[in-house]
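A.B. asks: What follows is final_36.cif; its format and atoms are mmCIF, C-alpha atoms and all ligand atoms.
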```
data_work
loop_
_atom_site.label_atom_id
_atom_site.label_comp_id
_atom_site.auth_asym_id
_atom_site.auth_seq_id
_atom_site.Cartn_x
_atom_site.Cartn_y
_atom_site.Cartn_z
CA MET V 462 116.21 100.82 76.00
CA THR V 463 114.84 99.47 72.73
CA ALA V 464 111.12 99.59 72.11
CA ALA V 465 108.76 97.66 69.89
CA ASP V 466 107.59 98.88 66.51
CA PRO V 467 104.77 101.38 67.25
CA ALA V 468 102.67 99.98 64.38
CA ARG V 469 102.85 96.48 65.86
CA LEU V 470 101.94 97.84 69.29
CA GLU V 471 98.94 99.60 67.78
CA GLU V 472 97.90 96.38 66.01
CA PHE V 473 98.08 94.53 69.33
CA ARG V 474 95.93 97.14 71.08
CA ARG V 475 93.31 96.87 68.36
CA GLN V 476 93.16 93.08 68.60
CA ARG V 477 91.94 93.33 72.20
CA PHE V 478 91.17 89.65 72.72
CA GLY V 479 93.43 86.61 72.58
CA MET V 480 93.60 82.95 73.55
CA PHE V 481 96.15 81.77 76.10
CA ILE V 482 96.98 78.08 75.73
CA HIS V 483 98.62 76.18 78.60
CA TRP V 484 99.51 72.75 77.32
CA GLY V 485 102.11 70.30 78.49
CA VAL V 486 102.45 66.87 80.07
CA TYR V 487 100.80 68.23 83.23
CA ALA V 488 97.54 67.89 81.27
CA LEU V 489 97.80 64.15 82.07
CA ALA V 490 97.98 64.80 85.81
CA ALA V 491 94.94 67.01 85.20
CA ARG V 492 95.32 68.88 88.47
CA HIS V 493 97.09 72.18 87.73
CA GLU V 494 100.29 73.02 85.84
CA TRP V 495 102.19 73.47 89.14
CA VAL V 496 101.48 69.88 90.16
CA ARG V 497 105.15 68.93 90.26
CA ASN V 498 105.84 71.74 92.72
CA ARG V 499 102.63 71.51 94.74
CA GLU V 500 103.00 67.79 95.34
CA ARG V 501 106.80 67.85 95.54
CA LEU V 502 107.05 65.24 92.79
CA SER V 503 110.55 64.08 91.92
CA ARG V 504 111.68 63.98 88.33
CA GLU V 505 111.04 60.22 88.38
CA GLN V 506 107.56 60.65 89.80
CA TYR V 507 106.77 63.13 87.00
CA GLN V 508 108.18 60.89 84.28
CA PRO V 509 104.93 58.87 83.74
CA TYR V 510 103.35 61.96 82.27
CA LEU V 511 106.07 62.16 79.63
CA ASP V 512 105.91 58.41 79.03
CA ARG V 513 102.19 58.61 78.32
CA PHE V 514 101.93 61.91 76.46
CA ASP V 515 100.15 60.77 73.31
CA PRO V 516 97.56 63.33 72.16
CA ASP V 517 95.82 61.17 69.57
CA LEU V 518 92.95 63.61 68.96
CA PHE V 519 95.22 66.62 68.50
CA ASP V 520 93.85 68.89 65.76
CA PRO V 521 94.92 72.49 66.27
CA SER V 522 92.63 73.69 63.47
CA VAL V 523 89.75 73.01 65.89
CA TRP V 524 91.39 75.19 68.56
CA ALA V 525 92.09 77.94 66.04
CA ARG V 526 88.54 77.94 64.73
CA ALA V 527 87.16 78.05 68.28
CA ALA V 528 89.37 81.04 68.99
CA ARG V 529 88.41 82.87 65.83
CA ASP V 530 84.69 82.17 66.31
CA ALA V 531 84.97 83.58 69.85
CA GLY V 532 86.31 86.82 68.37
CA MET V 533 89.90 86.24 69.46
CA ARG V 534 92.56 87.78 67.25
CA TYR V 535 95.75 86.14 68.54
CA MET V 536 97.03 83.35 70.72
CA VAL V 537 99.88 82.78 73.16
CA LEU V 538 101.10 79.19 73.55
CA THR V 539 103.21 77.69 76.35
CA THR V 540 106.26 76.48 74.44
CA LYS V 541 107.76 75.48 77.81
CA HIS V 542 106.28 75.82 81.30
CA HIS V 543 108.11 75.71 84.67
CA ASP V 544 108.41 71.90 84.49
CA GLY V 545 110.84 72.47 81.62
CA PHE V 546 109.00 70.21 79.18
CA CYS V 547 109.29 71.52 75.60
CA LEU V 548 106.38 71.30 73.18
CA TRP V 549 108.82 71.44 70.29
CA ASP V 550 111.71 69.08 69.45
CA SER V 551 114.48 71.34 70.72
CA GLU V 552 118.07 70.57 69.76
CA LEU V 553 119.18 71.61 73.23
CA THR V 554 117.38 69.00 75.35
CA ASP V 555 115.62 65.67 75.14
CA TYR V 556 113.11 66.79 77.75
CA SER V 557 110.56 67.44 75.03
CA VAL V 558 107.89 65.94 72.80
CA ARG V 559 110.72 63.86 71.34
CA SER V 560 110.82 61.75 74.53
CA THR V 561 107.10 61.01 74.49
CA PRO V 562 104.95 58.63 72.42
CA CYS V 563 103.80 61.73 70.55
CA GLY V 564 107.33 62.07 69.20
CA LYS V 565 106.81 65.13 67.07
CA ASP V 566 106.90 68.90 67.15
CA LEU V 567 103.62 70.45 68.27
CA VAL V 568 104.54 74.14 68.23
CA GLY V 569 104.79 74.32 64.43
CA PRO V 570 101.37 72.75 63.69
CA ILE V 571 99.69 74.92 66.35
CA ALA V 572 101.29 78.12 65.05
CA ASP V 573 100.38 77.21 61.45
CA ALA V 574 96.77 76.44 62.35
CA PHE V 575 96.27 79.80 64.07
CA ARG V 576 97.97 81.70 61.26
CA ARG V 577 95.68 79.96 58.75
CA GLU V 578 92.70 81.39 60.66
CA GLY V 579 94.28 84.83 60.51
CA LEU V 580 95.32 84.98 64.17
CA GLY V 581 98.59 86.26 65.57
CA VAL V 582 101.03 83.82 67.20
CA GLY V 583 102.79 84.50 70.50
CA PHE V 584 104.93 82.29 72.71
CA TYR V 585 104.82 81.96 76.47
CA HIS V 586 108.23 80.79 77.67
CA SER V 587 109.05 79.94 81.26
CA LEU V 588 112.16 81.47 82.80
CA LEU V 589 111.95 78.93 85.61
CA ASP V 590 112.99 75.42 84.62
CA TRP V 591 112.62 72.54 87.06
CA GLN V 592 114.40 69.95 84.94
CA GLN V 593 117.42 71.71 83.46
CA PRO V 594 120.49 70.48 85.39
CA ASP V 595 122.17 73.90 85.62
CA PHE V 596 119.10 75.68 86.99
CA PRO V 597 120.01 76.45 90.64
CA LEU V 598 117.57 74.96 93.16
CA ASP V 599 115.47 77.63 94.82
CA GLY V 600 112.42 78.06 97.01
CA LEU V 601 110.09 77.43 94.09
CA HIS V 602 111.93 74.32 92.88
CA PRO V 603 110.31 70.97 93.68
CA ASP V 604 113.73 69.39 94.26
CA LEU V 605 115.02 71.88 96.87
CA GLY V 606 116.15 69.79 99.84
CA ARG V 607 115.51 66.47 98.12
CA ASP V 608 118.05 63.76 98.91
CA GLY V 609 120.28 63.00 95.98
CA VAL V 610 119.60 66.23 94.11
CA GLU V 611 122.71 68.37 94.32
CA GLN V 612 122.89 72.14 94.35
CA ASP V 613 126.66 72.03 93.78
CA GLY V 614 127.83 72.42 90.23
CA ARG V 615 124.73 74.19 89.01
CA ASP V 616 125.66 77.26 87.02
CA VAL V 617 122.95 79.80 86.27
CA SER V 618 124.99 81.32 83.48
CA ARG V 619 124.98 77.98 81.63
CA TYR V 620 121.22 77.89 82.24
CA ALA V 621 120.95 81.38 80.70
CA ASP V 622 122.84 80.09 77.65
CA TYR V 623 120.27 77.31 77.37
CA LEU V 624 117.39 79.77 77.80
CA HIS V 625 118.74 82.12 75.13
CA GLY V 626 119.47 79.19 72.82
CA GLN V 627 115.93 77.89 73.07
CA VAL V 628 114.45 81.33 72.48
CA GLU V 629 116.65 81.62 69.40
CA GLU V 630 115.34 78.26 68.15
CA LEU V 631 111.74 79.32 68.65
CA LEU V 632 112.14 82.71 66.99
CA THR V 633 113.94 81.33 63.95
CA ARG V 634 111.97 78.11 63.44
CA TYR V 635 108.52 79.62 63.88
CA ALA V 636 108.97 83.13 62.51
CA PRO V 637 107.33 85.57 62.49
CA VAL V 638 106.53 85.51 66.21
CA ASP V 639 104.25 88.32 67.39
CA THR V 640 104.80 88.20 71.14
CA MET V 641 107.27 86.76 73.66
CA TRP V 642 105.57 86.25 77.00
CA PHE V 643 108.32 85.42 79.50
CA ASP V 644 107.35 84.08 82.93
CA PHE V 645 108.59 85.08 85.52
CA SER V 646 111.16 86.83 87.76
CA TYR V 647 111.23 86.64 91.56
CA PRO V 648 114.36 88.42 92.79
CA ASN V 649 112.94 89.74 96.07
CA ARG V 650 110.18 87.28 96.70
CA ARG V 651 109.33 86.12 100.22
CA ASP V 652 108.15 82.69 101.25
CA ALA V 653 104.90 81.92 103.09
CA GLN V 654 106.56 82.80 106.44
CA GLY V 655 107.72 86.18 105.13
CA ARG V 656 111.39 85.17 104.87
CA PRO V 657 113.30 85.99 101.68
CA LEU V 658 112.80 83.15 99.25
CA VAL V 659 115.86 80.94 98.82
CA GLY V 660 117.53 81.56 95.49
CA GLY V 661 115.20 84.19 94.00
CA LYS V 662 116.05 84.99 90.40
CA GLY V 663 115.84 87.97 88.09
CA ARG V 664 117.54 90.18 85.55
CA ALA V 665 121.13 89.14 86.19
CA ASP V 666 120.28 85.42 86.24
CA TRP V 667 118.35 85.41 82.97
CA ARG V 668 120.69 88.00 81.44
CA SER V 669 117.45 89.75 80.57
CA ASP V 670 119.00 92.69 78.74
CA ASP V 671 120.73 90.35 76.26
CA LEU V 672 117.58 88.28 75.96
CA ILE V 673 115.56 91.35 75.05
CA ALA V 674 118.22 92.35 72.50
CA LEU V 675 118.06 88.84 71.03
CA VAL V 676 114.30 89.04 70.61
CA ARG V 677 114.54 92.50 69.03
CA ARG V 678 117.14 91.23 66.57
CA LEU V 679 115.46 87.94 65.57
CA ALA V 680 111.82 89.02 65.82
CA PRO V 681 111.56 92.75 65.21
CA ARG V 682 107.76 92.44 65.28
CA ALA V 683 107.59 90.75 68.64
CA LEU V 684 106.22 92.50 71.69
CA ILE V 685 107.83 91.59 75.02
CA ASN V 686 105.94 91.41 78.33
CA ASP V 687 107.02 92.76 81.70
CA ARG V 688 108.27 89.74 83.64
CA LEU V 689 111.98 89.92 82.83
CA ASP V 690 112.78 92.21 85.77
CA VAL V 691 114.03 95.09 83.59
CA PRO V 692 112.19 98.28 84.60
CA GLY V 693 110.96 100.26 81.62
CA ALA V 694 111.81 97.62 79.03
CA ALA V 695 108.40 96.01 78.57
CA ASP V 696 106.08 96.70 75.66
CA PHE V 697 103.08 95.79 77.79
CA VAL V 698 102.29 94.91 81.39
CA THR V 699 100.45 91.82 82.59
CA PRO V 700 98.09 92.08 85.58
CA GLU V 701 97.22 88.49 86.38
CA GLN V 702 93.79 87.36 87.53
CA TYR V 703 92.66 90.80 88.66
CA GLN V 704 91.20 93.87 86.94
CA PRO V 705 92.87 97.27 87.37
CA VAL V 706 90.50 100.04 88.52
CA ALA V 707 91.27 102.27 85.55
CA PRO V 708 93.58 102.46 82.51
CA ILE V 709 97.08 101.58 83.78
CA VAL V 710 99.43 104.55 84.08
CA VAL V 711 103.14 104.20 84.86
CA ASP V 712 105.12 107.36 85.72
CA GLY V 713 102.23 109.46 84.43
CA VAL V 714 102.15 107.73 81.04
CA PRO V 715 99.34 105.35 79.95
CA VAL V 716 100.78 101.91 79.18
CA THR V 717 99.65 99.02 77.02
CA TRP V 718 98.36 96.20 79.19
CA GLU V 719 96.98 92.73 78.88
CA ALA V 720 94.96 91.02 81.59
CA CYS V 721 95.18 87.24 81.70
CA GLN V 722 92.38 85.13 83.10
CA THR V 723 91.51 81.48 83.48
CA LEU V 724 88.22 79.79 82.64
CA ASN V 725 88.21 77.82 85.89
CA GLY V 726 91.07 78.93 88.17
CA SER V 727 93.69 76.61 86.66
CA TRP V 728 95.86 77.35 83.63
CA GLY V 729 96.67 73.74 82.81
CA TYR V 730 93.85 71.25 82.19
CA HIS V 731 92.12 70.52 85.52
CA ARG V 732 89.56 67.75 85.43
CA ASP V 733 87.96 68.12 88.85
CA ASN V 734 88.00 71.87 89.23
CA LEU V 735 84.41 73.11 89.21
CA ASP V 736 85.22 76.79 89.60
CA TRP V 737 84.08 77.71 86.08
CA LYS V 738 83.39 81.31 85.21
CA SER V 739 80.14 81.87 83.33
CA PRO V 740 80.19 83.21 79.77
CA GLU V 741 78.33 86.26 81.05
CA LEU V 742 81.04 87.01 83.61
CA LEU V 743 83.77 86.55 80.99
CA ILE V 744 82.02 88.90 78.57
CA LYS V 745 81.84 91.50 81.33
CA LEU V 746 85.54 90.98 81.99
CA LEU V 747 86.29 91.57 78.32
CA VAL V 748 84.14 94.70 78.21
CA ASP V 749 85.65 96.03 81.45
CA THR V 750 89.13 95.43 80.06
CA VAL V 751 88.51 97.27 76.78
CA ALA V 752 86.74 100.08 78.69
CA LYS V 753 90.07 100.50 80.53
CA ASP V 754 92.07 100.37 77.32
CA GLY V 755 93.47 96.87 77.89
CA ASN V 756 93.57 93.48 76.17
CA LEU V 757 92.23 90.21 77.56
CA LEU V 758 94.15 86.96 77.16
CA LEU V 759 91.71 84.19 78.08
CA ASN V 760 93.18 80.81 78.85
CA VAL V 761 92.28 77.30 77.76
CA GLY V 762 94.03 74.10 78.88
CA PRO V 763 93.78 71.33 76.28
CA ASN V 764 93.64 67.82 77.73
CA GLY V 765 95.98 64.87 77.31
CA ARG V 766 94.28 63.66 74.15
CA GLY V 767 94.84 67.04 72.57
CA GLU V 768 91.31 68.34 72.81
CA LEU V 769 89.60 71.36 74.29
CA GLU V 770 86.98 69.91 76.62
CA PRO V 771 83.27 70.59 76.06
CA ARG V 772 83.11 72.99 79.03
CA ALA V 773 85.74 75.19 77.38
CA LEU V 774 84.32 74.91 73.87
CA ASP V 775 80.80 75.73 75.07
CA THR V 776 82.06 78.80 76.92
CA LEU V 777 83.97 80.01 73.87
CA ALA V 778 80.93 79.42 71.67
CA GLU V 779 78.75 81.52 74.00
CA ILE V 780 81.29 84.33 73.92
CA GLY V 781 81.29 84.01 70.13
CA ARG V 782 77.51 84.37 69.99
CA TRP V 783 77.84 87.67 71.81
CA MET V 784 80.86 88.78 69.79
CA ARG V 785 79.07 88.15 66.49
CA LEU V 786 76.73 91.01 67.36
CA HIS V 787 78.93 93.17 69.56
CA SER V 788 82.53 92.83 68.39
CA ARG V 789 82.35 96.32 66.91
CA SER V 790 82.47 97.61 70.47
CA ILE V 791 85.57 95.50 71.25
CA HIS V 792 87.93 95.26 68.28
CA ASP V 793 89.62 98.56 67.45
CA ALA V 794 87.83 100.10 70.43
CA GLY V 795 89.22 101.51 73.67
CA ALA V 796 88.56 103.73 76.64
CA SER V 797 86.32 106.77 76.40
CA VAL V 798 86.87 110.09 78.14
CA TYR V 799 83.24 110.02 79.32
CA ARG V 800 82.22 108.62 82.70
CA PRO V 801 79.51 105.96 82.49
CA PRO V 802 76.57 105.71 84.89
CA ALA V 803 76.61 103.06 87.65
CA ASP V 804 76.95 99.43 86.49
CA CYS V 805 77.82 100.51 82.96
CA ARG V 806 80.97 100.67 80.87
CA TYR V 807 81.83 102.76 77.84
CA THR V 808 84.03 101.64 75.01
CA GLN V 809 84.73 104.00 72.15
CA ARG V 810 85.78 103.59 68.53
CA GLY V 811 86.28 106.85 66.64
CA ASP V 812 83.13 108.91 67.25
CA ARG V 813 81.05 105.84 68.18
CA LEU V 814 80.42 105.48 71.87
CA TYR V 815 79.31 102.02 73.05
CA LEU V 816 77.38 101.81 76.29
CA HIS V 817 77.51 98.39 77.97
CA VAL V 818 74.73 98.01 80.52
CA PHE V 819 75.62 95.41 83.17
CA SER V 820 72.44 95.99 85.13
CA TRP V 821 69.42 96.75 82.97
CA PRO V 822 67.37 99.75 84.21
CA PHE V 823 63.59 99.83 84.33
CA LYS V 824 63.22 102.36 81.55
CA HIS V 825 65.52 105.37 81.61
CA LEU V 826 69.24 105.67 81.69
CA HIS V 827 70.88 109.04 82.43
CA LEU V 828 74.27 109.60 80.87
CA PRO V 829 76.30 112.29 82.65
CA GLY V 830 77.82 114.98 80.47
CA LEU V 831 76.30 113.70 77.23
CA ALA V 832 73.40 116.16 76.86
CA GLY V 833 73.53 117.58 73.32
CA LYS V 834 76.48 115.39 72.32
CA VAL V 835 74.67 112.44 70.75
CA ARG V 836 72.89 112.58 67.39
CA HIS V 837 71.50 109.07 67.28
CA ALA V 838 71.35 106.07 69.59
CA GLN V 839 70.59 102.47 68.78
CA LEU V 840 70.92 98.99 70.21
CA LEU V 841 73.93 97.21 68.83
CA ASN V 842 72.36 93.75 68.52
CA ASP V 843 69.53 94.74 66.16
CA ALA V 844 70.24 98.35 65.13
CA SER V 845 66.89 99.44 66.61
CA GLU V 846 66.58 103.10 67.52
CA ILE V 847 66.74 104.24 71.13
CA ARG V 848 64.76 107.39 71.78
CA LEU V 849 66.66 110.35 73.23
CA VAL V 850 64.31 111.96 75.72
CA PRO V 851 63.98 115.69 74.87
CA HIS V 852 65.42 118.07 77.40
CA ASP V 853 62.12 119.61 78.47
CA GLU V 854 60.01 116.45 78.46
CA GLY V 855 58.15 116.12 81.73
CA ALA V 856 59.13 119.68 82.68
CA GLY V 857 56.84 121.26 85.24
CA THR V 858 55.82 117.96 86.71
CA HIS V 859 57.15 116.64 89.98
CA HIS V 860 58.50 113.55 88.23
CA ALA V 861 60.86 115.23 85.78
CA LEU V 862 63.02 112.59 84.12
CA ARG V 863 66.26 114.48 84.10
CA THR V 864 68.65 114.21 87.00
CA SER V 865 70.90 117.04 85.82
CA PRO V 866 70.80 119.38 82.79
CA ASP V 867 74.06 117.85 81.59
CA ASP V 868 72.57 114.36 81.44
CA LEU V 869 71.39 112.75 78.27
CA THR V 870 68.42 110.52 79.01
CA LEU V 871 67.82 107.34 77.00
CA GLU V 872 64.52 105.55 76.87
CA LEU V 873 65.10 101.82 76.94
CA PRO V 874 62.66 98.95 76.64
CA ILE V 875 61.60 97.69 80.06
CA GLN V 876 62.72 94.19 79.16
CA ARG V 877 66.36 93.70 78.42
CA PRO V 878 66.66 92.53 74.79
CA ASN V 879 67.25 88.81 74.75
CA VAL V 880 70.65 88.40 73.08
C1 LIG P 1 102.57 82.29 86.21
C2 LIG P 1 102.72 80.79 86.23
O1 LIG P 1 103.38 80.40 87.39
C3 LIG P 1 101.37 80.14 86.10
O2 LIG P 1 101.50 78.73 86.09
C4 LIG P 1 100.73 80.59 84.80
O3 LIG P 1 101.52 80.19 83.70
C5 LIG P 1 100.59 82.09 84.83
C6 LIG P 1 100.06 82.66 83.53
O4 LIG P 1 101.84 82.74 85.09
O5 LIG P 1 102.08 82.70 87.45
C7 LIG P 1 102.38 83.90 87.96
C8 LIG P 1 103.45 84.64 87.56
C9 LIG P 1 103.69 85.89 88.11
C10 LIG P 1 102.85 86.37 89.07
C11 LIG P 1 101.76 85.62 89.49
C12 LIG P 1 101.54 84.39 88.93
N1 LIG P 1 103.08 87.62 89.60
O6 LIG P 1 104.03 88.31 89.22
O7 LIG P 1 102.27 88.08 90.45
#
```
Can you present the structure in this file as structure tokens?
Ligand code: JFZ
C.D. replies:
Amino acid sequence: MTAADPARLEEFRRQRFGMFIHWGVYALAARHEWVRNRERLSREQYQPYLDRFDPDLFDPSVWARAARDAGMRYMVLTTKHHDGFCLWDSELTDYSVRSTPCGKDLVGPIADAFRREGLGVGFYHSLLDWQQPDFPLDGLHPDLGRDGVEQDGRDVSRYADYLHGQVEELLTRYAPVDTMWFDFSYPNRRDAQGRPLVGGKGRADWRSDDLIALVRRLAPRALINDRLDVPGAADFVTPEQYQPVAPIVVDGVPVTWEACQTLNGSWGYHRDNLDWKSPELLIKLLVDTVAKDGNLLLNVGPNGRGELEPRALDTLAEIGRWMRLHSRSIHDAGASVYRPPADCRYTQRGDRLYLHVFSWPFKHLHLPGLAGKVRHAQLLNDASEIRLVPHDEGAGTHHALRTSPDDLTLELPIQRPNV
């Protein structure tokens, strides 16, 4: 099986932090990108969102600047989600920006804006397609069982032609593409009652092997994610909305991985969802991810006028405030072989070890196995020195500081620095 260029893979691992962008006409429904499925909307009932898609405040340079200021190094944009709506003016369908008041390609301007800020450009592309007439109805399709929507005559191999054709358009029109993030395969999926899902789809349906070959040929730089149902073919794996316990290992070999997370539980713009994660929690997620040698792809859902809402921009700005002082411990950094004390994480970059303290101690912090291994310690935010407590300090008293002779003990200010 072909593999990505090792230098590109290494670049990706060093970037560590990216922006996921879920944008489509579902932003107008403003209640999750699966709204057509969740509410069993017919094609006609979904049509108003195309008819009114007119993002008059669209300015992707604002999105790109927000991403860069947050310390993100790349983005992944939904070129097409499961509803089948295309953010670019594809030659292969009219179910696109062309059939909306917007009327123009959006993928090109977004890609250009992010490249101008020095960020990498990746494309999310849905394998599912709820509008394409050859896509066989299945248990995830909003039209399964709907009167007047026929299963007969649908031909998944013609759908695969369409899928490959659109990927070819994207890779040639918007080159160079850094990542193809396909979503998703469900060959053996079960429904809510535990029965095999009607019409599950995977490798043979998408003709995944040919699709991978196509990407390798047209976009030799591009990394490919792990949702094409081809074991061993992925350049990176994609745990979704959970954190692995440790660096991910497959068949005994550490693999490149990218966690993806929402700001508020929905990928598409969701007006009434109040489940927002705090900037502090998101920073911890980022640190935890890098400490386990992974990347974090953090999602935003622009609204129907083409803007990132204040709640999203404020969160990104807060992350950026932290990243301005601490990005050295994130970019180009990764897992350490050392084991951190409780409620802490280590990230490491060359011979620099970064200790992230999630729960600030009263004064001393004991670092297992680090006795004699550290020449100098300082806070990252202000470069101020942290005293290393000498090995024999407090010896002979009943309140000796050291928990074990292998520990290195740091003396921290009682108050957590206010950063
Ligand atoms: C998918 C999409 O359905 C969702 O709307 C969003 O785009 C997200 C990033 O990806 O959701 C999935 C896909 C695969 C799994 C779970 C959610 N999976 O394999 O567990």
A.B. asks: Identify which of the residues V:Gly485, V:Gly626, V:Pro851, V:Gly609 lies closest to ligand LIG 1 (chain P), counting all atoms listed in the file when measuring atom-to-atom distances.
C.D. replies: V:Gly485
A.B. asks: Throw together the list of residues within 6 Å of ligand LIG 1 (chain P), counting all atoms listed in the file, and drop it here as a VMD selection string.
C.D. replies: chain V and resid 494 645 728
A.B. asks: Using all atoms listed in the file, pick whichever of V:Tyr799, V:Phe596, V:Phe473, V:Tyr585 has the shortest atom-to-atom distance to Lys834 in chain V.
C.D. replies: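 Counting all atoms listed in the file, the residue closest to Lys834 in chain V is V:Tyr799.
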A.B. asks: For a test of reading the model, state the distance in Å between CA of Leu831 in chain V and CA of Asp868 in chain V, rounded to one decimal.
C.D. replies: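 Result for CA of Leu831 in chain V versus CA of Asp868 in chain V: 5.7 Å, one decimal.
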A.B. asks: May I ask which of the residues V:Trp524, V:Gly479, V:Leu502, V:Gly600 is the closest one to Ala653 in chain V, counting only C-alpha atoms?
C.D. replies: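 Checking each of V:Trp524, V:Gly479, V:Leu502, V:Gly600 against Ala653 in chain V, counting only C-alpha atoms, the winner is V:Gly600.
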A.B. asks: Might I get the box with edges along x, y and z of the file that holds all atoms of range 519-526 of chain V listed there, padded by 4 Å on every side, given as centre and edge lengths in Å to one decimal, as lines of an AutoDock Vina configuration file?
C.D. replies:
```
center_x = 91.9
center_y = 72.3
center_z = 66.0
size_x = 14.7
size_y = 19.3
size_z = 13.1
```
A.B. asks: Find, counting only C-alpha atoms, the residue in V:Arg678, V:Leu511, V:Val691, V:Val714 that gets nearest to Ala665 in chain V.
C.D. replies: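 Looking at the shortest contact to Ala665 in chain V, the residue is V:Val691.
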A.B. asks: CA of Tyr556 in chain V to CA of Asp544 in chain V: how many Å, to one decimal?
C.D. replies: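 CA of Tyr556 in chain V sits 9.7 Å away from CA of Asp544 in chain V.
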A.B. asks: Between V:Leu849, V:Ala490, V:Leu601, V:Cys547, single out the one closest to Tyr647 in chain V, counting all atoms listed in the file.
C.D. replies: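 For Tyr647 in chain V, the nearest of the candidates is V:Leu601.
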A.B. asks: What is the distance between CA of Ala796 in chain V and CA of Asp775 in chain V, in Å to one decimal?
C.D. replies: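 These two atoms are separated by 29.1 Å.
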A.B. asks: Counting only C-alpha atoms, find the residues whose atoms lie at most 12 Å from (87.3, 106.7, 63.6) (file coordinates) and write them out as a PyMOL selection string.
C.D. replies: chain V and resi 789+793-795+809-814
A.B. asks: Select, from V:Thr561, V:Thr717, V:Thr554, V:Thr463, the residue with the minimum atom-to-atom distance to Tyr510 in chain V, counting all atoms listed in the file.
C.D. replies: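 Smallest separation from Tyr510 in chain V among the options: V:Thr561.
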A.B. asks: Within 8 Å of Val537 in chain V, counting all atoms listed in the file, which residues show up once you throw out same-chain ones fewer than 4 positions away? Write them as number ranges by chain, please.
C.D. replies: V: 479-482, 582-585, 640, 642
A.B. asks: Starting from the incomplete input, reconstruct N, CA and C atoms of range 527-542 of chain V and report them as a short mmCIF file (atom, residue, chain, number, x, y, z; two decimals), in the frame of the given file.
C.D. replies:
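See result30.cif below for the written result:
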```
data_model
loop_
_atom_site.label_atom_id
_atom_site.label_comp_id
_atom_site.auth_asym_id
_atom_site.auth_seq_id
_atom_site.Cartn_x
_atom_site.Cartn_y
_atom_site.Cartn_z
N ALA V 527 87.88 77.66 67.06
CA ALA V 527 87.16 78.05 68.28
C ALA V 527 87.59 79.44 68.73
N ALA V 528 88.87 79.72 68.60
CA ALA V 528 89.37 81.04 68.99
C ALA V 528 88.82 82.11 68.06
N ARG V 529 88.88 81.86 66.77
CA ARG V 529 88.41 82.87 65.83
C ARG V 529 86.91 83.11 65.99
N ASP V 530 86.15 82.03 66.16
CA ASP V 530 84.69 82.17 66.31
C ASP V 530 84.33 82.90 67.61
N ALA V 531 85.23 82.85 68.61
CA ALA V 531 84.97 83.58 69.85
C ALA V 531 85.35 85.05 69.71
N GLY V 532 85.91 85.43 68.57
CA GLY V 532 86.31 86.82 68.37
C GLY V 532 87.73 87.10 68.81
N MET V 533 88.50 86.04 69.08
CA MET V 533 89.90 86.24 69.46
C MET V 533 90.73 86.53 68.21
N ARG V 534 91.77 87.36 68.40
CA ARG V 534 92.56 87.78 67.25
C ARG V 534 94.01 87.30 67.31
N TYR V 535 94.38 86.66 68.43
CA TYR V 535 95.75 86.14 68.54
C TYR V 535 95.78 85.07 69.62
N MET V 536 96.86 84.33 69.65
CA MET V 536 97.03 83.35 70.72
C MET V 536 98.44 83.40 71.27
N VAL V 537 98.57 82.91 72.51
CA VAL V 537 99.88 82.78 73.16
C VAL V 537 99.97 81.35 73.69
N LEU V 538 100.96 80.62 73.24
CA LEU V 538 101.10 79.19 73.55
C LEU V 538 102.28 78.95 74.48
N THR V 539 102.09 78.08 75.48
CA THR V 539 103.21 77.69 76.35
C THR V 539 104.16 76.77 75.57
N THR V 540 105.25 77.32 75.10
CA THR V 540 106.26 76.48 74.44
C THR V 540 106.97 75.63 75.47
N LYS V 541 107.16 76.19 76.68
CA LYS V 541 107.76 75.48 77.81
C LYS V 541 107.20 76.10 79.07
N HIS V 542 106.71 75.28 80.00
CA HIS V 542 106.28 75.82 81.30
C HIS V 542 107.36 75.54 82.34
#
```
